Protein chains: 2
Amino acid sequence: MQSFTIENYLKKIYHLTQRENKPVQTNAIADGMNTSAASVTDMIKKLSAKKLVNYTKYQGVTLTEEGNKKAINIIRKHRLWEVFLVNTLHFKWDEVHEIADQLEHVKSDVLIDRLEKHLNYPITDPHGDLIPDKNGLFKDVNFKPLNLLHQNQEATIVGVSEHSSSFLKRLEELNLIIGQKITFINVVDFDNSIEIKILDNQINISKEIAKNILITI
Amino acid sequence: MQSFTIENYLKKIYHLTQRENKPVQTNAIADGMNTSAASVTDMIKKLSAKKLVNYTKYQGVTLTEEGNKKAINIIRKHRLWEVFLVNTLHFKWDEVHEIADQLEHVKSDVLIDRLEKHLNYPITDPHGDLIPDKNGLFKDVNFKPLNLLHQNQEATIVGVSEHSSSFLKRLEELNLIIGQKITFINVVDFDNSIEIKILDNQINISKEIAKNILITI
DNA sequence: ATATTTTTTTAGATTTGTCTAAAAAAATAT
DNA sequence: ATATTTTTTTAGACAAATCTAAAAAAATAT
């Protein structure tokens, strides 16, 4: 009986160490995985014994080079499956995460190669997240959160940094979808919400929404 | 941590009770699953507690109606994924079994619906095995083994009843592929091998090969 | 009908991943 | 600098799925 536990831990640790480049705490992993801190400690010891994480007691963990490689490979598979679900099977972008969480664990390198070819070597998944190549390398791109734009700057939406279904559905309602062009107007002092122009209308979006939308200029 | 163990047992019991409609023995399951008889006994008790199999000590098992339904659903998923692998990703028919064994456990009814639609509602998988519909019903067809044909009878190959890669590869070498028309000539007394006409050539195939080829007249 | 062989089950142990409760260490506050 | 709070680890237990070895039942052979 094989299990996906190790792969899920590696993926979670990867994501938690990405934004800030420092060890992730036991509790943060436990929260993110719906498990107890004690279980995380147990599992971390196993991962450490397998040389997939660097671990010193009470100091949190980082991925080793090998752990990182494995994590990126899972993310590659997850994102390619998401593209498949949206492009080939016509799912919506807010419907694919849970299914891809299962598909990402299927073991077959040739399957992923063929899938990638079938999808025409996509660079990003349906949320604009970069898909690493076979060697784990990400294309170098210049994405930043919408809230960092300056007055009257034009930009194109290329991704999101939050994947909850409720967030994605809201974006669709506002036409804030990938490929959409927008113009930054200004920040409203009172609540830090943001005025933008989109499809010739001016709309207001909260800071929470704005900072989770990725754009390129 | 979820596991596919129960699904794999159900599938195996389904296949082992199919050909002969009587209880399957503990040892037969153990052989087919690469495990020990003791483990099978343990697992059977669990399946019985869940009302998925009918079990009386020393008497072997059969599937309950519910167990049967679950088994057929797994087989449906397995076969649809095989069609996907061959038709969409261009795998060969002898390369898909192991991958489909993983994909069949992905849980999402809507995924299977969309996959089925994408594949244009196929009736059989790449080996000619029938794909049950959503309600677990198989289309009623008239397939039988090639060795049961009579002299000079013409027939079309529609499937195989053995799925090993070595068998399938051998069939390809002999052009014995699905859709191929053949004419039965005669049985050779000495070794029960069979003479057939195929693509204007007469060839000889062993009884072992012949009985694992399914034809329709 | 009894002995032998085969099949199945039980008993007891192991591994994986999890848990709760308590102890220990680190971080924070006074 | 000490007390308090938070975080992490340890200890001990549990469920799932497996194993080997031994016992029990069923099937087969003489």
# chains A, B, ... in the order shown; residues from 1 in each chain; ligands from 1
call {"tool": "residues_around", "arguments": {"residues": "Lys134 (chain B)", "least_positions_apart": "3", "cutoff": "9 Å", "atoms": "only C-alpha atoms (C1' of nucleotides)", "output": "compact mmCIF listing (two decimals) with all heavy atoms, in the first residue's frame"}}
result
# COMPACT_ATOMS: atom_id res chain seq x y z
N ASN B 73 -17.93 0.16 -11.07
CA ASN B 73 -17.57 1.58 -11.24
C ASN B 73 -16.07 1.77 -11.41
O ASN B 73 -15.62 2.60 -12.19
CB ASN B 73 -18.08 2.38 -10.04
CG ASN B 73 -18.00 3.87 -10.29
OD1 ASN B 73 -17.31 4.59 -9.58
ND2 ASN B 73 -18.67 4.34 -11.34
N ARG B 76 -15.25 0.66 -14.87
CA ARG B 76 -15.65 1.73 -15.80
C ARG B 76 -14.58 2.81 -15.90
O ARG B 76 -14.17 3.21 -16.98
CB ARG B 76 -16.97 2.34 -15.32
CG ARG B 76 -17.40 3.60 -16.02
CD ARG B 76 -18.83 3.99 -15.57
NE ARG B 76 -19.09 5.41 -15.74
CZ ARG B 76 -19.40 5.97 -16.90
NH1 ARG B 76 -19.49 5.24 -17.98
NH2 ARG B 76 -19.63 7.27 -16.98
N ASP B 113 -17.49 11.77 -16.04
CA ASP B 113 -18.50 12.20 -17.02
C ASP B 113 -17.86 13.00 -18.15
O ASP B 113 -18.12 12.77 -19.33
CB ASP B 113 -19.55 13.09 -16.34
CG ASP B 113 -20.44 12.30 -15.39
OD1 ASP B 113 -20.37 11.06 -15.42
OD2 ASP B 113 -21.19 12.94 -14.63
N LEU B 137 -24.37 -0.74 -16.28
CA LEU B 137 -24.88 -1.69 -17.27
C LEU B 137 -23.93 -1.85 -18.45
O LEU B 137 -23.41 -0.87 -18.97
CB LEU B 137 -26.26 -1.22 -17.77
CG LEU B 137 -27.34 -1.14 -16.68
CD1 LEU B 137 -28.61 -0.53 -17.24
CD2 LEU B 137 -27.60 -2.53 -16.09
call {"tool": "calpha_fit_and_write", "arguments": {"fixed": "chain B", "moving": "chain A", "output": "compact mmCIF listing (two decimals) with C-alpha atoms, in the first residue's frame"}}
result
# COMPACT_ATOMS: atom_id res chain seq x y z
CA MET A 1 -4.38 8.94 4.44
CA GLN A 2 -6.70 7.20 2.06
CA SER A 3 -5.87 3.91 0.43
CA PHE A 4 -6.93 2.02 -2.63
CA THR A 5 -6.76 -1.37 -0.98
CA ILE A 6 -10.49 -1.93 -0.72
CA GLU A 7 -11.06 -0.88 -4.33
CA ASN A 8 -8.33 -3.23 -5.49
CA TYR A 9 -9.79 -6.15 -3.56
CA LEU A 10 -13.25 -5.51 -4.99
CA LYS A 11 -11.87 -5.33 -8.50
CA LYS A 12 -9.93 -8.56 -8.07
CA ILE A 13 -12.89 -10.41 -6.58
CA TYR A 14 -15.09 -9.14 -9.40
CA HIS A 15 -12.72 -10.49 -12.04
CA LEU A 16 -12.25 -13.81 -10.26
CA THR A 17 -15.97 -14.41 -9.84
CA GLN A 18 -16.82 -13.35 -13.38
CA ARG A 19 -15.78 -16.33 -15.47
CA GLU A 20 -17.27 -18.92 -13.14
CA ASN A 21 -20.21 -17.72 -11.16
CA LYS A 22 -19.24 -19.13 -7.77
CA PRO A 23 -17.40 -17.99 -4.65
CA VAL A 24 -13.71 -17.29 -5.06
CA GLN A 25 -11.22 -18.92 -2.71
CA THR A 26 -8.93 -17.07 -0.34
CA ASN A 27 -5.86 -18.50 -2.03
CA ALA A 28 -6.95 -17.39 -5.49
CA ILE A 29 -7.28 -13.82 -4.26
CA ALA A 30 -3.93 -14.01 -2.51
CA ASP A 31 -2.23 -15.24 -5.68
CA GLY A 32 -3.82 -12.57 -7.81
CA MET A 33 -2.85 -9.79 -5.44
CA ASN A 34 0.66 -10.77 -4.51
CA THR A 35 -0.16 -11.12 -0.85
CA SER A 36 -0.60 -13.89 1.72
CA ALA A 37 -3.72 -15.91 2.38
CA ALA A 38 -3.72 -14.61 5.94
CA SER A 39 -3.87 -11.01 4.74
CA VAL A 40 -6.73 -11.88 2.45
CA THR A 41 -8.68 -13.45 5.30
CA ASP A 42 -8.14 -10.30 7.36
CA MET A 43 -9.26 -8.04 4.56
CA ILE A 44 -12.26 -10.18 3.67
CA LYS A 45 -13.52 -9.78 7.21
CA LYS A 46 -13.34 -6.03 6.85
CA LEU A 47 -15.11 -6.11 3.51
CA SER A 48 -17.75 -8.36 5.01
CA ALA A 49 -18.25 -5.96 7.93
CA LYS A 50 -18.81 -3.22 5.36
CA LYS A 51 -21.33 -5.45 3.56
CA LEU A 52 -19.30 -5.44 0.35
CA VAL A 53 -18.84 -9.22 0.21
CA ASN A 54 -20.77 -12.31 1.28
CA TYR A 55 -18.52 -14.43 3.40
CA THR A 56 -18.82 -17.59 5.41
CA LYS A 57 -15.70 -19.09 6.91
CA TYR A 58 -13.89 -21.54 4.66
CA GLN A 59 -16.47 -20.98 1.91
CA GLY A 60 -14.81 -18.22 -0.12
CA VAL A 61 -16.46 -14.91 -1.05
CA THR A 62 -18.82 -13.33 -3.54
CA LEU A 63 -19.57 -9.64 -3.98
CA THR A 64 -22.76 -8.21 -2.51
CA GLU A 65 -24.86 -6.04 -4.75
CA GLU A 66 -23.16 -2.98 -3.32
CA GLY A 67 -19.70 -4.50 -3.69
CA ASN A 68 -20.52 -5.38 -7.27
CA LYS A 69 -21.65 -1.86 -8.00
CA LYS A 70 -18.45 -0.41 -6.61
CA ALA A 71 -16.31 -2.91 -8.52
CA ILE A 72 -18.05 -2.13 -11.81
CA ASN A 73 -17.55 1.57 -11.22
CA ILE A 74 -13.81 1.08 -10.81
CA ILE A 75 -13.72 -1.01 -13.97
CA ARG A 76 -15.64 1.70 -15.79
CA LYS A 77 -13.07 4.28 -14.76
CA HIS A 78 -10.15 1.99 -15.61
CA ARG A 79 -11.44 1.34 -19.11
CA LEU A 80 -12.29 4.96 -19.86
CA TRP A 81 -8.80 6.01 -18.79
CA GLU A 82 -7.37 3.34 -21.08
CA VAL A 83 -9.28 4.79 -24.00
CA PHE A 84 -7.97 8.23 -23.07
CA LEU A 85 -4.39 6.98 -22.93
CA VAL A 86 -4.64 5.33 -26.34
CA ASN A 87 -6.88 7.77 -28.20
CA THR A 88 -5.85 11.12 -26.76
CA LEU A 89 -2.27 10.52 -25.64
CA HIS A 90 -1.40 7.94 -28.32
CA PHE A 91 -0.13 5.17 -26.08
CA LYS A 92 -0.09 1.65 -27.47
CA TRP A 93 -2.64 -0.86 -26.18
CA ASP A 94 0.00 -2.82 -24.32
CA GLU A 95 1.29 0.23 -22.43
CA VAL A 96 -1.80 1.45 -20.65
CA HIS A 97 -2.72 -1.05 -17.99
CA GLU A 98 -0.42 0.04 -15.16
CA ILE A 99 -1.19 3.71 -15.62
CA ALA A 100 -4.93 3.06 -15.72
CA ASP A 101 -4.52 1.04 -12.51
CA GLN A 102 -3.52 4.28 -10.85
CA LEU A 103 -5.93 6.63 -12.60
CA GLU A 104 -8.93 4.43 -11.82
CA HIS A 105 -8.75 5.47 -8.15
CA VAL A 106 -9.14 9.20 -8.71
CA LYS A 107 -12.36 10.24 -7.04
CA SER A 108 -14.59 12.60 -9.01
CA ASP A 109 -17.78 11.62 -10.76
CA VAL A 110 -17.85 14.76 -12.86
CA LEU A 111 -14.31 14.05 -14.06
CA ILE A 112 -15.40 10.67 -15.41
CA ASP A 113 -18.48 12.18 -17.04
CA ARG A 114 -16.39 14.78 -18.82
CA LEU A 115 -13.76 12.25 -19.79
CA GLU A 116 -16.43 9.99 -21.26
CA LYS A 117 -17.86 12.90 -23.23
CA HIS A 118 -14.41 13.97 -24.45
CA LEU A 119 -13.83 10.42 -25.68
CA ASN A 120 -17.18 10.41 -27.44
CA TYR A 121 -18.89 7.78 -25.29
CA PRO A 122 -16.78 4.75 -26.24
CA ILE A 123 -18.37 1.31 -25.89
CA THR A 124 -15.18 -0.70 -25.50
CA ASP A 125 -11.67 -0.05 -24.26
CA PRO A 126 -8.57 -0.55 -26.43
CA HIS A 127 -8.65 -4.32 -25.75
CA GLY A 128 -12.28 -4.67 -26.73
CA ASP A 129 -13.54 -4.90 -23.14
CA LEU A 130 -16.96 -3.41 -22.66
CA ILE A 131 -17.20 -0.15 -20.73
CA PRO A 132 -20.16 -0.21 -18.33
CA ASP A 133 -22.33 2.92 -18.34
CA LYS A 134 -22.95 5.23 -15.37
CA ASN A 135 -25.51 2.79 -13.98
CA GLY A 136 -23.17 -0.16 -14.23
CA LEU A 137 -24.88 -1.71 -17.24
CA PHE A 138 -22.93 -3.43 -19.98
CA LYS A 139 -24.11 -3.37 -23.57
CA ASP A 140 -25.21 -6.82 -24.70
CA VAL A 141 -22.85 -8.02 -27.38
CA ASN A 142 -21.92 -11.26 -28.96
CA PHE A 143 -18.20 -11.79 -28.55
CA LYS A 144 -16.66 -15.26 -28.50
CA PRO A 145 -13.16 -16.77 -28.60
CA LEU A 146 -11.69 -17.26 -32.05
CA ASN A 147 -11.08 -20.98 -31.48
CA LEU A 148 -14.83 -21.66 -31.43
CA LEU A 149 -15.30 -20.67 -35.09
CA HIS A 150 -16.24 -23.22 -37.75
CA GLN A 151 -14.53 -23.98 -41.04
CA ASN A 152 -14.50 -21.12 -43.54
CA GLN A 153 -16.34 -18.81 -41.18
CA GLU A 154 -15.44 -15.15 -41.52
CA ALA A 155 -15.17 -12.98 -38.41
CA THR A 156 -13.88 -9.66 -37.13
CA ILE A 157 -11.58 -9.29 -34.15
CA VAL A 158 -13.26 -7.21 -31.48
CA GLY A 159 -11.23 -7.86 -28.32
CA VAL A 160 -8.87 -9.93 -26.24
CA SER A 161 -9.32 -11.82 -22.98
CA GLU A 162 -5.69 -11.63 -21.89
CA HIS A 163 -3.98 -8.29 -21.31
CA SER A 164 -0.31 -9.01 -20.78
CA SER A 165 2.04 -6.80 -22.70
CA SER A 166 3.83 -9.80 -24.22
CA PHE A 167 0.57 -11.20 -25.60
CA LEU A 168 -0.57 -7.88 -27.03
CA LYS A 169 2.78 -7.24 -28.66
CA ARG A 170 2.68 -10.66 -30.29
CA LEU A 171 -0.79 -9.95 -31.65
CA GLU A 172 0.44 -6.75 -33.24
CA GLU A 173 3.28 -8.60 -34.93
CA LEU A 174 0.70 -10.94 -36.45
CA ASN A 175 -1.66 -8.09 -37.41
CA LEU A 176 -4.24 -9.59 -35.12
CA ILE A 177 -5.58 -6.21 -34.04
CA ILE A 178 -9.06 -4.98 -33.27
CA GLY A 179 -11.14 -4.45 -36.39
CA GLN A 180 -9.15 -6.97 -38.42
CA LYS A 181 -11.16 -9.43 -40.52
CA ILE A 182 -10.06 -13.06 -40.54
CA THR A 183 -11.29 -16.36 -41.96
CA PHE A 184 -11.11 -19.57 -39.97
CA ILE A 185 -9.60 -22.41 -41.97
CA ASN A 186 -9.06 -25.43 -39.75
CA VAL A 187 -7.64 -26.90 -36.58
CA VAL A 188 -4.38 -28.83 -36.88
CA ASP A 189 -4.90 -32.20 -35.25
CA PHE A 190 -1.39 -32.66 -33.96
CA ASP A 191 -1.14 -29.61 -31.62
CA ASN A 192 -4.61 -28.05 -31.80
CA SER A 193 -3.12 -24.96 -33.42
CA ILE A 194 -5.34 -23.06 -35.82
CA GLU A 195 -4.94 -22.00 -39.43
CA ILE A 196 -6.53 -18.70 -40.36
CA LYS A 197 -6.53 -16.40 -43.35
CA ILE A 198 -5.64 -12.80 -42.63
CA LEU A 199 -4.84 -10.03 -45.14
CA ASP A 200 -4.72 -12.67 -47.89
CA ASN A 201 -2.08 -14.71 -46.08
CA GLN A 202 -2.63 -17.99 -44.35
CA ILE A 203 -1.03 -18.16 -40.92
CA ASN A 204 -0.95 -20.58 -38.04
CA ILE A 205 -1.63 -19.54 -34.46
CA SER A 206 -1.44 -21.60 -31.28
CA LYS A 207 -4.58 -22.54 -29.41
CA GLU A 208 -3.41 -20.37 -26.50
CA ILE A 209 -3.40 -17.32 -28.73
CA ALA A 210 -6.66 -18.22 -30.47
CA LYS A 211 -8.72 -18.66 -27.35
CA ASN A 212 -7.69 -15.25 -26.04
CA ILE A 213 -8.83 -13.45 -29.17
CA LEU A 214 -12.48 -12.40 -29.19
CA ILE A 215 -14.37 -12.17 -32.45
CA THR A 216 -17.83 -11.40 -33.71
CA ILE A 217 -19.31 -12.90 -36.84
call {"tool": "select_by_dssp", "arguments": {"residues": "region 81-216 of chain B", "states": "helix (DSSP H, G or I)", "output": "VMD selection string"}}
result
chain B and resid 81 to 88 97 to 103 109 to 118 146 to 148 165 to 173 207 to 211
call {"tool": "interface_residues", "arguments": {"of": "chain D", "to": "chain B", "cutoff": "9 Å", "atoms": "only C-alpha atoms (C1' of nucleotides)", "output": "ChimeraX atom specification"}}
result
/D:17-19,25-26
call {"tool": "write_last_selection", "arguments": {"atoms": "C-alpha atoms (C1' of nucleotides)", "output": "PDB file, in the first residue's frame"}}
result
ATOM      1  C1'  DA D  17      -2.744  -3.363   6.105  1.00  0.00           C
ATOM      2  C1'  DT D  18       0.462  -6.392   6.063  1.00  0.00           C
ATOM      3  C1'  DC D  19       3.572 -10.500   7.569  1.00  0.00           C
ATOM      4  C1'  DA D  25     -10.850 -27.325   8.688  1.00  0.00           C
ATOM      5  C1'  DA D  26     -11.749 -29.263   4.201  1.00  0.00           C
TER       6       DA D  26
END
call {"tool": "select_by_dssp", "arguments": {"residues": "region 51-191 of chain A", "states": "strand (DSSP E)", "output": "count of residues only"}}
result
22
call {"tool": "interface_residues", "arguments": {"of": "chain C", "to": "chain B", "cutoff": "9 Å", "atoms": "only C-alpha atoms (C1' of nucleotides)", "output": "PyMOL selection string"}}
result
chain C and resi 7-10+17-18
call {"tool": "residues_around", "arguments": {"residues": "DT30 (chain C)", "least_positions_apart": "4", "cutoff": "12 Å", "atoms": "only C-alpha atoms (C1' of nucleotides)", "output": "PyMOL selection string"}}
result
chain D and resi 1-4
